[in-house]
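Q: Structure file work05.cif, mmCIF, C-alpha atoms, is pasted below:
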```cif
data_data
loop_
_atom_site.label_atom_id
_atom_site.label_comp_id
_atom_site.auth_asym_id
_atom_site.auth_seq_id
_atom_site.Cartn_x
_atom_site.Cartn_y
_atom_site.Cartn_z
CA MET A 1 108.13 -5.51 79.44
CA PRO A 2 110.40 -2.46 79.28
CA LYS A 3 111.57 -1.01 76.01
CA PRO A 4 114.99 -2.40 74.94
CA GLN A 5 117.94 -0.69 76.54
CA SER A 6 120.34 -1.01 73.62
CA PRO A 7 120.20 1.89 71.11
CA LEU A 8 119.63 -0.48 68.17
CA GLY A 9 116.90 -2.37 70.01
CA ALA A 10 115.14 0.83 71.02
CA GLU A 11 115.29 2.10 67.44
CA ILE A 12 113.81 -1.14 66.04
CA TYR A 13 111.09 -1.07 68.71
CA ASP A 14 110.08 2.50 67.84
CA ARG A 15 110.15 1.92 64.08
CA GLU A 16 108.08 -1.26 64.45
CA LEU A 17 105.36 0.49 66.42
CA GLU A 18 105.37 3.48 64.08
CA ASN A 19 105.20 1.63 60.77
CA VAL A 20 103.89 -1.92 61.24
CA PHE A 21 100.25 -2.92 61.68
CA HIS A 22 100.15 -6.06 63.83
CA SER A 23 97.72 -8.96 63.45
CA TRP A 24 95.13 -9.85 66.12
CA SER A 25 96.14 -6.83 68.22
CA ALA A 26 94.83 -3.55 69.53
CA GLN A 27 97.53 -1.35 68.01
CA GLY A 28 97.72 0.99 70.98
CA SER A 29 98.73 -1.70 73.46
CA LEU A 30 101.55 -3.41 71.60
CA ASP A 31 104.73 -4.29 73.48
CA PRO A 32 106.70 -6.68 71.28
CA LEU A 33 109.97 -8.36 72.08
CA VAL A 34 112.70 -7.19 69.73
CA ILE A 35 114.32 -10.45 68.63
CA THR A 36 117.70 -10.14 66.94
CA HIS A 37 118.70 -13.78 66.56
CA ALA A 38 117.65 -17.28 67.51
CA GLU A 39 119.18 -20.74 67.67
CA GLY A 40 117.69 -24.12 68.53
CA PRO A 41 115.12 -23.67 71.32
CA TYR A 42 116.32 -20.15 72.19
CA LEU A 43 115.34 -16.62 71.20
CA VAL A 44 117.71 -13.71 71.90
CA ASP A 45 116.48 -10.14 72.22
CA ALA A 46 118.15 -6.83 71.46
CA ASP A 47 119.58 -6.68 75.00
CA GLU A 48 121.12 -10.18 74.56
CA LYS A 49 118.63 -11.78 76.92
CA ARG A 50 117.88 -15.42 76.10
CA TYR A 51 114.43 -17.00 76.17
CA ILE A 52 113.42 -20.64 75.94
CA ASP A 53 110.82 -20.81 73.19
CA PHE A 54 107.84 -22.85 74.42
CA SER A 55 105.65 -21.34 71.69
CA SER A 56 107.56 -22.54 68.61
CA GLN A 57 106.50 -19.05 67.51
CA LEU A 58 102.99 -19.75 66.17
CA VAL A 59 103.59 -23.48 66.61
CA PHE A 60 105.72 -23.86 63.49
CA THR A 61 109.44 -23.99 64.37
CA ASN A 62 109.20 -27.74 64.87
CA LEU A 63 112.95 -28.14 64.45
CA GLY A 64 113.78 -24.98 66.36
CA HIS A 65 115.61 -21.96 65.04
CA SER A 66 118.52 -21.90 62.57
CA HIS A 67 118.70 -25.64 62.03
CA PRO A 68 121.90 -25.92 59.96
CA ALA A 69 120.52 -28.40 57.41
CA ILE A 70 117.52 -26.19 56.60
CA VAL A 71 119.57 -22.99 56.48
CA ARG A 72 122.11 -24.66 54.19
CA ALA A 73 119.38 -25.99 51.88
CA VAL A 74 117.84 -22.53 51.48
CA GLN A 75 121.24 -20.95 50.83
CA GLU A 76 122.21 -23.55 48.23
CA GLN A 77 118.84 -23.34 46.50
CA ALA A 78 118.99 -19.54 46.36
CA ALA A 79 122.36 -19.76 44.63
CA GLN A 80 121.02 -22.20 42.02
CA LEU A 81 117.38 -21.26 41.36
CA CYS A 82 115.90 -18.63 43.64
CA THR A 83 112.41 -18.48 42.11
CA ILE A 84 110.41 -19.80 39.18
CA ALA A 85 106.80 -19.56 38.02
CA PRO A 86 104.64 -22.52 39.07
CA ALA A 87 103.90 -23.49 35.46
CA HIS A 88 107.47 -24.81 35.20
CA ALA A 89 108.72 -27.99 36.86
CA SER A 90 111.47 -27.75 39.46
CA ALA A 91 113.35 -30.32 41.50
CA PRO A 92 112.58 -28.82 44.93
CA ARG A 93 108.81 -28.87 44.32
CA ALA A 94 108.81 -32.43 42.97
CA LEU A 95 110.99 -33.71 45.81
CA ALA A 96 108.95 -31.90 48.46
CA ALA A 97 105.72 -33.44 47.16
CA GLU A 98 107.29 -36.91 47.22
CA LYS A 99 108.56 -36.42 50.76
CA ILE A 100 105.20 -35.17 52.03
CA LEU A 101 103.17 -37.93 50.36
CA SER A 102 105.54 -40.60 51.70
CA HIS A 103 104.31 -39.83 55.23
CA LEU A 104 100.61 -39.52 54.42
CA PRO A 105 98.04 -42.32 53.96
CA GLU A 106 98.44 -44.19 50.68
CA ASN A 107 95.08 -42.99 49.34
CA LEU A 108 96.52 -39.46 48.97
CA SER A 109 98.45 -39.09 45.74
CA LYS A 110 98.78 -35.42 44.71
CA VAL A 111 99.92 -32.18 46.38
CA PHE A 112 98.85 -28.65 45.49
CA PHE A 113 101.25 -26.17 47.06
CA THR A 114 100.11 -22.90 48.61
CA ASN A 115 101.80 -20.08 50.53
CA GLY A 116 100.46 -21.08 53.95
CA GLY A 117 97.70 -22.73 55.93
CA ALA A 118 94.83 -20.35 55.23
CA ASP A 119 95.08 -20.61 51.47
CA ALA A 120 95.57 -24.37 51.80
CA VAL A 121 92.15 -24.51 53.48
CA GLU A 122 90.69 -22.15 50.86
CA HIS A 123 91.78 -24.47 48.07
CA ALA A 124 90.79 -27.67 49.88
CA LEU A 125 87.25 -26.33 50.19
CA ARG A 126 87.23 -25.23 46.55
CA LEU A 127 88.49 -28.62 45.40
CA ALA A 128 85.78 -30.36 47.43
CA LYS A 129 82.98 -28.16 46.15
CA LEU A 130 84.02 -28.54 42.52
CA THR A 131 84.51 -32.29 42.87
CA THR A 132 81.10 -32.90 44.45
CA GLY A 133 79.13 -30.10 42.85
CA ARG A 134 77.70 -29.26 46.27
CA PRO A 135 77.68 -25.81 47.91
CA LYS A 136 77.89 -26.24 51.70
CA VAL A 137 80.57 -27.12 54.24
CA LEU A 138 80.43 -28.63 57.72
CA ALA A 139 82.91 -27.17 60.20
CA ALA A 140 83.45 -27.58 63.92
CA MET A 141 82.98 -25.15 66.75
CA ARG A 142 86.17 -24.62 68.76
CA SER A 143 88.27 -24.53 65.61
CA TYR A 144 90.55 -22.23 63.66
CA HIS A 145 91.34 -22.56 59.95
CA GLY A 146 92.83 -19.19 58.94
CA ALA A 147 92.25 -15.46 58.70
CA THR A 148 90.97 -14.99 55.16
CA GLN A 149 87.26 -14.28 54.65
CA THR A 150 86.43 -17.91 53.86
CA THR A 151 88.70 -19.59 56.39
CA LEU A 152 87.76 -17.32 59.27
CA THR A 153 84.08 -17.86 58.49
CA VAL A 154 84.69 -21.60 58.52
CA SER A 155 86.45 -21.31 61.87
CA GLY A 156 84.42 -21.98 64.99
CA ASP A 157 86.07 -19.10 66.79
CA SER A 158 84.69 -15.83 68.17
CA ARG A 159 87.20 -13.94 66.02
CA ARG A 160 84.96 -14.64 63.03
CA TRP A 161 82.04 -12.64 64.45
CA PRO A 162 83.05 -9.23 63.02
CA ILE A 163 83.29 -10.59 59.45
CA ASP A 164 80.73 -13.43 59.23
CA ASP A 165 77.54 -12.29 57.50
CA GLY A 166 76.00 -15.77 57.50
CA ARG A 167 75.83 -16.17 53.72
CA THR A 168 78.75 -18.48 53.03
CA GLY A 169 77.13 -21.91 53.27
CA VAL A 170 79.04 -22.94 56.41
CA VAL A 171 77.22 -25.03 59.02
CA HIS A 172 78.92 -25.42 62.39
CA PHE A 173 78.63 -28.38 64.74
CA PHE A 174 80.19 -29.34 68.06
CA GLY A 175 83.07 -31.78 68.10
CA PRO A 176 83.92 -33.88 71.15
CA PHE A 177 85.54 -32.21 74.19
CA LEU A 178 84.75 -33.90 77.47
CA TYR A 179 86.14 -31.19 79.75
CA ARG A 180 83.69 -28.62 78.33
CA THR A 181 81.09 -31.12 77.13
CA VAL A 182 77.92 -29.73 75.58
CA PHE A 183 76.50 -33.26 75.46
CA HIS A 184 76.33 -33.79 79.26
CA ALA A 185 78.69 -36.73 78.84
CA GLU A 186 80.48 -38.32 81.78
CA THR A 187 82.99 -40.49 79.89
CA GLU A 188 85.01 -40.24 76.71
CA GLU A 189 82.90 -43.04 75.23
CA GLN A 190 79.68 -41.10 75.87
CA GLU A 191 81.22 -37.91 74.49
CA CYS A 192 82.25 -39.71 71.31
CA ALA A 193 78.87 -41.36 70.74
CA ARG A 194 76.88 -38.21 71.46
CA ALA A 195 79.13 -36.01 69.33
CA LEU A 196 78.69 -38.37 66.38
CA GLU A 197 74.92 -38.48 66.91
CA HIS A 198 74.87 -34.67 67.02
CA LEU A 199 76.88 -34.45 63.79
CA GLU A 200 74.53 -36.80 61.99
CA ASN A 201 71.51 -34.87 63.22
CA VAL A 202 72.98 -31.61 61.92
CA ILE A 203 73.56 -33.20 58.52
CA ALA A 204 70.02 -34.59 58.43
CA ILE A 205 68.46 -31.24 59.33
CA GLU A 206 70.60 -29.23 56.89
CA GLY A 207 70.28 -31.69 53.97
CA PRO A 208 72.90 -34.40 53.36
CA GLU A 209 72.93 -33.81 49.61
CA SER A 210 73.97 -30.17 50.09
CA PHE A 211 77.35 -30.80 51.76
CA ALA A 212 80.56 -30.95 49.76
CA ALA A 213 82.90 -31.45 52.69
CA LEU A 214 83.44 -31.70 56.40
CA ILE A 215 86.55 -29.94 57.65
CA MET A 216 88.09 -30.37 61.10
CA GLU A 217 91.49 -30.01 62.66
CA THR A 218 92.51 -33.59 63.39
CA VAL A 219 93.56 -32.36 66.82
CA PRO A 220 92.23 -28.81 67.28
CA GLY A 221 95.09 -26.44 67.99
CA THR A 222 94.53 -22.75 68.65
CA ALA A 223 91.06 -23.51 70.07
CA GLY A 224 92.47 -25.67 72.83
CA ILE A 225 94.54 -28.74 71.81
CA MET A 226 91.68 -31.20 72.31
CA PRO A 227 92.66 -34.75 71.30
CA PRO A 228 89.45 -36.50 70.21
CA PRO A 229 88.29 -39.72 71.89
CA ALA A 230 89.00 -43.12 70.39
CA GLY A 231 86.58 -43.99 67.62
CA TYR A 232 85.55 -40.45 66.77
CA TRP A 233 87.41 -40.13 63.48
CA ALA A 234 86.28 -43.61 62.39
CA GLY A 235 82.72 -42.49 63.06
CA VAL A 236 83.19 -39.27 61.08
CA ARG A 237 84.60 -41.26 58.16
CA GLU A 238 81.59 -43.59 58.18
CA ILE A 239 79.13 -40.68 58.22
CA CYS A 240 80.96 -38.88 55.40
CA ASP A 241 81.00 -42.05 53.28
CA ARG A 242 77.30 -42.64 53.83
CA TYR A 243 76.35 -39.18 52.57
CA GLY A 244 79.01 -38.67 49.91
CA ILE A 245 80.74 -35.90 51.87
CA LEU A 246 84.49 -35.41 51.43
CA MET A 247 86.46 -35.45 54.69
CA ILE A 248 89.17 -32.80 55.12
CA CYS A 249 91.69 -33.10 57.95
CA ASP A 250 93.31 -29.77 58.75
CA GLU A 251 96.86 -30.64 59.83
CA VAL A 252 98.28 -27.13 59.51
CA MET A 253 99.26 -26.97 63.18
CA ALA A 254 99.17 -30.61 64.27
CA GLY A 255 101.11 -32.09 61.35
CA PHE A 256 104.76 -32.97 60.85
CA GLY A 257 105.50 -34.58 64.19
CA ARG A 258 103.80 -32.12 66.52
CA THR A 259 101.62 -34.83 68.15
CA GLY A 260 104.35 -37.48 68.23
CA ALA A 261 103.19 -38.92 64.90
CA TRP A 262 104.03 -37.74 61.40
CA PHE A 263 100.48 -36.46 61.11
CA ALA A 264 97.90 -36.25 63.87
CA LEU A 265 95.60 -38.41 61.77
CA ASP A 266 98.03 -41.31 62.33
CA ASN A 267 97.01 -41.37 66.00
CA TYR A 268 93.43 -42.17 64.99
CA ASP A 269 93.88 -44.15 61.75
CA ALA A 270 91.89 -41.41 60.02
CA ARG A 271 91.74 -41.66 56.22
CA PRO A 272 90.73 -38.27 54.81
CA ASP A 273 90.04 -37.31 51.22
CA LEU A 274 92.06 -34.11 51.57
CA VAL A 275 94.70 -32.93 54.06
CA THR A 276 95.83 -29.33 54.54
CA PHE A 277 99.30 -28.61 55.87
CA ALA A 278 101.75 -25.72 56.46
CA LYS A 279 103.82 -24.57 59.48
CA GLY A 280 105.92 -27.60 60.42
CA VAL A 281 106.36 -28.77 56.82
CA ASN A 282 109.56 -26.71 56.75
CA SER A 283 109.65 -25.35 60.31
CA GLY A 284 108.36 -22.04 58.97
CA TYR A 285 111.73 -21.04 57.54
CA VAL A 286 110.12 -19.95 54.25
CA PRO A 287 106.30 -19.69 53.97
CA LEU A 288 104.75 -22.87 52.54
CA GLY A 289 101.48 -24.75 52.74
CA GLY A 290 99.51 -27.17 50.66
CA VAL A 291 96.70 -29.62 50.08
CA ALA A 292 97.19 -33.35 49.63
CA MET A 293 94.31 -35.05 47.82
CA THR A 294 93.12 -38.40 46.57
CA GLN A 295 93.46 -39.36 42.94
CA ALA A 296 89.68 -39.18 42.63
CA VAL A 297 89.72 -35.49 43.57
CA ALA A 298 92.66 -34.80 41.27
CA ASP A 299 90.94 -36.61 38.39
CA THR A 300 88.06 -34.12 38.52
CA PHE A 301 90.46 -31.75 36.79
CA LYS A 302 92.10 -34.21 34.40
CA ASP A 303 90.45 -32.60 31.39
CA THR A 304 89.01 -29.47 33.02
CA PRO A 305 91.36 -26.73 34.24
CA TYR A 306 91.38 -26.16 37.98
CA PRO A 307 90.23 -22.56 38.59
CA GLY A 308 92.91 -21.52 41.01
CA GLY A 309 96.60 -20.93 41.50
CA LEU A 310 99.23 -18.91 43.31
CA THR A 311 102.23 -16.99 42.04
CA TYR A 312 104.52 -18.69 44.54
CA SER A 313 103.02 -22.20 44.50
CA GLY A 314 105.84 -24.55 45.43
CA HIS A 315 108.39 -21.73 45.63
CA PRO A 316 111.88 -23.24 45.25
CA LEU A 317 113.24 -21.81 48.50
CA ALA A 318 110.23 -22.98 50.50
CA ALA A 319 110.22 -26.39 48.85
CA ALA A 320 113.94 -26.86 49.42
CA ALA A 321 113.40 -26.00 53.07
CA ALA A 322 110.64 -28.61 53.22
CA VAL A 323 112.86 -31.32 51.75
CA ALA A 324 115.61 -30.47 54.22
CA THR A 325 113.19 -30.37 57.15
CA ILE A 326 111.55 -33.71 56.42
CA THR A 327 114.93 -35.31 55.74
CA ALA A 328 116.28 -34.02 59.05
CA MET A 329 113.18 -35.30 60.84
CA GLU A 330 113.75 -38.74 59.33
CA ASP A 331 117.48 -38.81 60.04
CA GLU A 332 117.17 -37.47 63.60
CA ASP A 333 114.10 -39.57 64.54
CA VAL A 334 112.34 -36.37 65.55
CA VAL A 335 108.80 -37.78 65.52
CA ALA A 336 109.60 -40.52 68.02
CA ASN A 337 111.45 -37.96 70.13
CA ALA A 338 108.37 -35.73 70.24
CA ALA A 339 106.27 -38.65 71.44
CA ARG A 340 108.84 -39.43 74.14
CA LEU A 341 109.06 -35.83 75.32
CA GLY A 342 105.30 -35.69 75.72
CA ALA A 343 104.93 -39.01 77.48
CA ASP A 344 108.00 -38.87 79.72
CA ILE A 345 108.54 -35.17 80.49
CA ILE A 346 105.81 -32.71 79.46
CA GLY A 347 102.76 -34.75 80.40
CA PRO A 348 103.99 -35.72 83.90
CA ALA A 349 105.24 -32.18 84.61
CA LEU A 350 101.92 -30.58 83.66
CA ALA A 351 99.96 -33.18 85.61
CA SER A 352 102.03 -32.28 88.67
CA LEU A 353 101.44 -28.59 88.00
CA LYS A 354 97.69 -29.16 87.89
CA GLU A 355 97.73 -31.12 91.13
CA LYS A 356 99.46 -28.23 92.92
CA ASN A 357 97.46 -25.37 91.39
CA PRO A 358 93.67 -25.34 91.79
CA VAL A 359 93.37 -22.57 89.17
CA ILE A 360 94.19 -25.23 86.54
CA GLY A 361 91.08 -27.07 85.46
CA ASP A 362 92.60 -29.36 82.85
CA VAL A 363 95.84 -30.28 81.13
CA ARG A 364 95.81 -32.30 77.94
CA GLY A 365 97.86 -33.05 74.89
CA LEU A 366 100.25 -35.44 73.22
CA GLY A 367 103.73 -35.19 71.78
CA CYS A 368 104.87 -31.56 72.01
CA PHE A 369 101.30 -30.23 71.80
CA TRP A 370 99.81 -29.39 75.22
CA ALA A 371 97.25 -27.06 76.77
CA ILE A 372 96.83 -25.74 80.31
CA GLU A 373 93.19 -24.69 80.75
CA PHE A 374 92.13 -22.55 83.69
CA VAL A 375 88.97 -22.89 85.73
CA ASP A 376 86.04 -20.59 85.11
CA GLY A 377 86.56 -17.19 86.66
CA TYR A 378 90.36 -17.23 86.58
CA ASP A 379 91.83 -14.32 84.65
CA GLY A 380 95.53 -14.50 85.37
CA GLN A 381 96.94 -16.15 82.26
CA LYS A 382 98.40 -12.89 80.91
CA ALA A 383 100.13 -12.21 84.22
CA LEU A 384 101.54 -15.74 84.18
CA ALA A 385 102.79 -15.34 80.62
CA ALA A 386 104.38 -11.98 81.45
CA ALA A 387 106.12 -13.48 84.48
CA CYS A 388 107.39 -16.33 82.33
CA ARG A 389 108.77 -13.86 79.81
CA GLU A 390 110.49 -11.89 82.56
CA ARG A 391 112.22 -15.11 83.66
CA GLY A 392 113.27 -16.09 80.14
CA LEU A 393 110.45 -18.34 78.94
CA VAL A 394 108.06 -17.61 76.06
CA VAL A 395 104.73 -19.45 76.25
CA PHE A 396 101.74 -19.37 73.89
CA VAL A 397 98.77 -17.43 75.28
CA ALA A 398 95.65 -18.93 73.70
CA GLY A 399 92.33 -17.18 74.08
CA ALA A 400 90.96 -16.02 77.40
CA ASN A 401 91.62 -19.10 79.49
CA ARG A 402 94.60 -21.12 78.31
CA LEU A 403 98.36 -21.36 77.98
CA HIS A 404 99.76 -23.72 75.36
CA ILE A 405 103.04 -25.54 75.89
CA VAL A 406 104.36 -26.27 72.39
CA PRO A 407 108.19 -26.41 72.34
CA PRO A 408 110.29 -27.53 69.36
CA LEU A 409 110.19 -31.28 68.79
CA ASN A 410 113.96 -31.55 69.14
CA ILE A 411 114.35 -29.45 72.28
CA PRO A 412 117.05 -30.97 74.52
CA ASP A 413 115.71 -32.70 77.61
CA ASP A 414 117.59 -30.44 80.01
CA VAL A 415 116.33 -27.27 78.32
CA LEU A 416 112.77 -28.62 78.35
CA ARG A 417 113.04 -29.37 82.07
CA ASP A 418 114.51 -25.91 82.71
CA GLY A 419 111.53 -24.32 80.98
CA LEU A 420 109.05 -26.47 82.85
CA GLY A 421 110.84 -25.52 86.07
CA ILE A 422 110.40 -21.81 85.26
CA LEU A 423 106.73 -22.47 84.56
CA ALA A 424 106.30 -24.23 87.91
CA ASP A 425 108.06 -21.41 89.77
CA VAL A 426 105.89 -18.80 88.07
CA PHE A 427 102.72 -20.64 89.03
CA SER A 428 103.81 -20.92 92.65
CA GLU A 429 104.68 -17.23 92.80
CA VAL A 430 102.07 -15.60 90.57
CA ALA A 431 98.97 -17.76 90.30
CA PRO A 432 97.70 -17.31 93.89
CA ASP A 433 97.90 -13.53 93.54
CA ALA A 434 96.67 -13.17 89.96
CA SER A 435 93.41 -11.31 89.48
CA GLN A 436 90.11 -13.15 89.33
CA SER A 437 87.32 -12.23 86.93
CA SER A 438 83.71 -12.19 88.05
CA ALA A 439 82.45 -14.33 85.17
CA PRO A 440 83.92 -16.99 82.88
CA ALA A 441 84.99 -16.04 79.40
CA LEU A 442 82.66 -17.15 76.63
CA ALA A 443 85.41 -19.25 75.09
CA ALA A 444 85.67 -21.16 78.35
CA THR A 445 81.98 -21.99 78.50
CA VAL A 446 81.70 -23.65 75.12
#
```
Using structure tokens, write down the structure that the file contains.

A:
Amino acid sequence: MPKPQSPLGAEIYDRELENVFHSWSAQGSLDPLVITHAEGPYLVDADEKRYIDFSSQLVFTNLGHSHPAIVRAVQEQAAQLCTIAPAHASAPRALAAEKILSHLPENLSKVFFTNGGADAVEHALRLAKLTTGRPKVLAAMRSYHGATQTTLTVSGDSRRWPIDDGRTGVVHFFGPFLYRTVFHAETEEQECARALEHLENVIAIEGPESFAALIMETVPGTAGIMPPPAGYWAGVREICDRYGILMICDEVMAGFGRTGAWFALDNYDARPDLVTFAKGVNSGYVPLGGVAMTQAVADTFKDTPYPGGLTYSGHPLAAAAAVATITAMEDEDVVANAARLGADIIGPALASLKEKNPVIGDVRGLGCFWAIEFVDGYDGQKALAAACRERGLVVFVAGANRLHIVPPLNIPDDVLRDGLGILADVFSEVAPDASQSSAPALAATV
């Protein structure tokens, strides 16, 4: 992508590269878009070029950019009470907690607010360990829970390798994923049964009485958008109950309508003890995350102080944005719309794309949460993403072998079809000529 042509854009580009250290990047190969404004499903760069946003940034602008109700709520809250220490009560925090709990299972009764998803996971694990008095945690391979020391170690992702010294009491297991099955399964039913048997064996070998919690993304996101088979979450719940292990559903990416349900756990009738959330809770307009918990977990700290807190817990601007976001989702029937977009438009379009392109090994997803996974040996996803960007479409490049299609939940049908049309054109023009690697990426093999 060439450097912006406008003087202001070129200046921002140069200053960014000179002064900003970027996450998950080799600093010498950065080539960022300079975005000056955004509205709805569109980004606009410094040269006034428009892009359809099929990434929802990092899968958080669930209501798109500059939604007027959220912007207005933040402006009005800033004029009234811009910030306050978490020891004080405030209307935005109380209302946000009520709104969030109203869409979660009835067994969850309290919310602890954090600044984002990673610290939500940090505190969920701490709450579980202190509640049970146990030291260890079960976590899935092919998962991502955050970039702090604890959350990256919990993640079943190769990005943890440089920082994981193996001393944190985390035991990884394989969750179900038929396309890349490690259980030699031939059907979803076999994959489910064998994955549950594997999980129980891991617990037995490692010592059931040592585990405080099991944490999984209800539908894994960054690792591949892998909806679990029917019955899996019911089986996990039964195993956790049998051994006194608290079940944590990580809904940071999949929550707040992304899967066509308020929370991904609603698709599977999962009933966790704790739920982590962030991203879509307020469309990312102001950083916010949190942990919802049962009364039993909360009661552990009825007379004993909880050893944890954050300066900005339930920040008024973030909480006001959450109230406005959830209210808009209710009023605009956004969750049902996301389910419709997935079933009627995205799913059929990606199935057609797979049929026409042998480099695609699998497409899967639900709602506005979809993955295109390439066959072993294909190494052209970056070329495809670059070609999409050149044509005005931003897609989410995930790992070494996938593109994720994760547009806003309220994207207009015609804009969604335009973006899918660009994607199809790019595949027809670029995929046959994209480079092939001599061996599959490790992430693709497991």

Q: For a quick check of understanding, using all atoms listed in the file, which of A:Gly9, A:Gly342, A:Pro432, A:Pro228 has the smallest distance to A:Arg258?

A: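 Of A:Gly9, A:Gly342, A:Pro432, A:Pro228, the one nearest A:Arg258 is A:Gly342, counting all atoms listed in the file.
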
Q: Please write the residues picked by the PyMOL selection byres ((chain A and resi 383) around 12) on this file as a PyMOL selection string.

A: chain A and resi 1+378-382+384-390+395+397+401+403+426-427+429-436

Q: Using the chain letters and numbering of this document, enumerate as a PyMOL selection string the residues selected by the PyMOL selection byres ((chain A and resi 70) around 10).

A: chain A and resi 63+65-69+71-76+282-283+285-286+320-328

Q: Ranking A:Val59, A:Ala185, A:Val335, A:Ile239 by minimum distance to A:Phe369 and counting all atoms listed in the file, which one comes first?

A: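 With all atoms listed in the file as the atom set, the closest residue is A:Val59.
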
Q: Would you please work out which residue, of A:Leu214, A:Ala195, A:Val297, A:Val275, is nearest to A:Leu138 when using all atoms listed in the file?

A: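 Looking only at the distances to A:Leu138, the closest residue turns out to be A:Leu214.
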
Q: In Å to one decimal, how far is atom CA of A:Arg237 from atom CA of A:Glu330?

A: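 Separation between atom CA of A:Glu330 and atom CA of A:Arg237: 29.3 Å.
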
Q: Evaluate the PyMOL selection byres ((chain A and resi 163) around 12) against this structure - the residues, as a PyMOL selection string, please.

A: chain A and resi 147-155+157-162+164-168

Q: Restricting it to C-alpha atoms, dump the selection as an mmCIF file, keeping the file's coordinate frame.

A:
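Just written: out_22.cif:
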```
data_model
loop_
_atom_site.group_PDB
_atom_site.id
_atom_site.type_symbol
_atom_site.label_atom_id
_atom_site.label_comp_id
_atom_site.auth_asym_id
_atom_site.auth_seq_id
_atom_site.Cartn_x
_atom_site.Cartn_y
_atom_site.Cartn_z
ATOM 1 C CA ALA A 147 92.250 -15.460 58.700
ATOM 2 C CA THR A 148 90.970 -14.990 55.160
ATOM 3 C CA GLN A 149 87.260 -14.280 54.650
ATOM 4 C CA THR A 150 86.430 -17.910 53.860
ATOM 5 C CA THR A 151 88.700 -19.590 56.390
ATOM 6 C CA LEU A 152 87.760 -17.320 59.270
ATOM 7 C CA THR A 153 84.080 -17.860 58.490
ATOM 8 C CA VAL A 154 84.690 -21.600 58.520
ATOM 9 C CA SER A 155 86.450 -21.310 61.870
ATOM 10 C CA ASP A 157 86.070 -19.100 66.790
ATOM 11 C CA SER A 158 84.690 -15.830 68.170
ATOM 12 C CA ARG A 159 87.200 -13.940 66.020
ATOM 13 C CA ARG A 160 84.960 -14.640 63.030
ATOM 14 C CA TRP A 161 82.040 -12.640 64.450
ATOM 15 C CA PRO A 162 83.050 -9.230 63.020
ATOM 16 C CA ASP A 164 80.730 -13.430 59.230
ATOM 17 C CA ASP A 165 77.540 -12.290 57.500
ATOM 18 C CA GLY A 166 76.000 -15.770 57.500
ATOM 19 C CA ARG A 167 75.830 -16.170 53.720
ATOM 20 C CA THR A 168 78.750 -18.480 53.030
#
```

Q: Up to 12 Å from (85.6, -30.4, 75.0) in the file's coordinates: name the residues, counting all atoms listed in the file, as a ChimeraX atom specification.

A: /A:140-143,174-188,191-192,195,219-220,223-229,362-364,373,443-446

Q: Which of these, A:His315, A:His37, A:Arg242, A:Arg93, has the shortest distance to A:Ala78 once you count only C-alpha atoms?

A: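 Between A:His315, A:His37, A:Arg242, A:Arg93, the residue approaching A:Ala78 most closely is A:His315.
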
Q: What is the distance between atom CA of A:Gly28 and atom CA of A:Ala400, in Å to one decimal?

A: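 Computing it gives 19.4 Å between the two atoms.
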
Q: Please, which residues are within 10 Å of (111.9, -31.4, 80.1) by the file's coordinates, counting only C-alpha atoms, and could they come as an NGL selection string?

A: :A and (341-342 or 344-349 or 407 or 411-421)

Q: At most 7 Å is the cut-off: for each residue in stretch 338-409 of chain A with any atom that close to an atom of stretch 46-52 of chain A, write down the nearest atom pair and the distance in Å rounded to one decimal, counting only C-alpha atoms, chain first then increasing number, as JSON lines.

A:
```
{"residue": "A:Gly392", "atom": "CA", "partner": "A:Tyr51", "partner_atom": "CA", "distance": 4.2}
{"residue": "A:Leu393", "atom": "CA", "partner": "A:Ile52", "partner_atom": "CA", "distance": 4.8}
{"residue": "A:Val394", "atom": "CA", "partner": "A:Ile52", "partner_atom": "CA", "distance": 6.2}
```

Q: May I ask for the distance between atom CA of A:Ala398 and atom CA of A:Asn337, given in Å to one decimal place?

A: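 We find that atom CA of A:Ala398 and atom CA of A:Asn337 lie 25.0 Å from each other.
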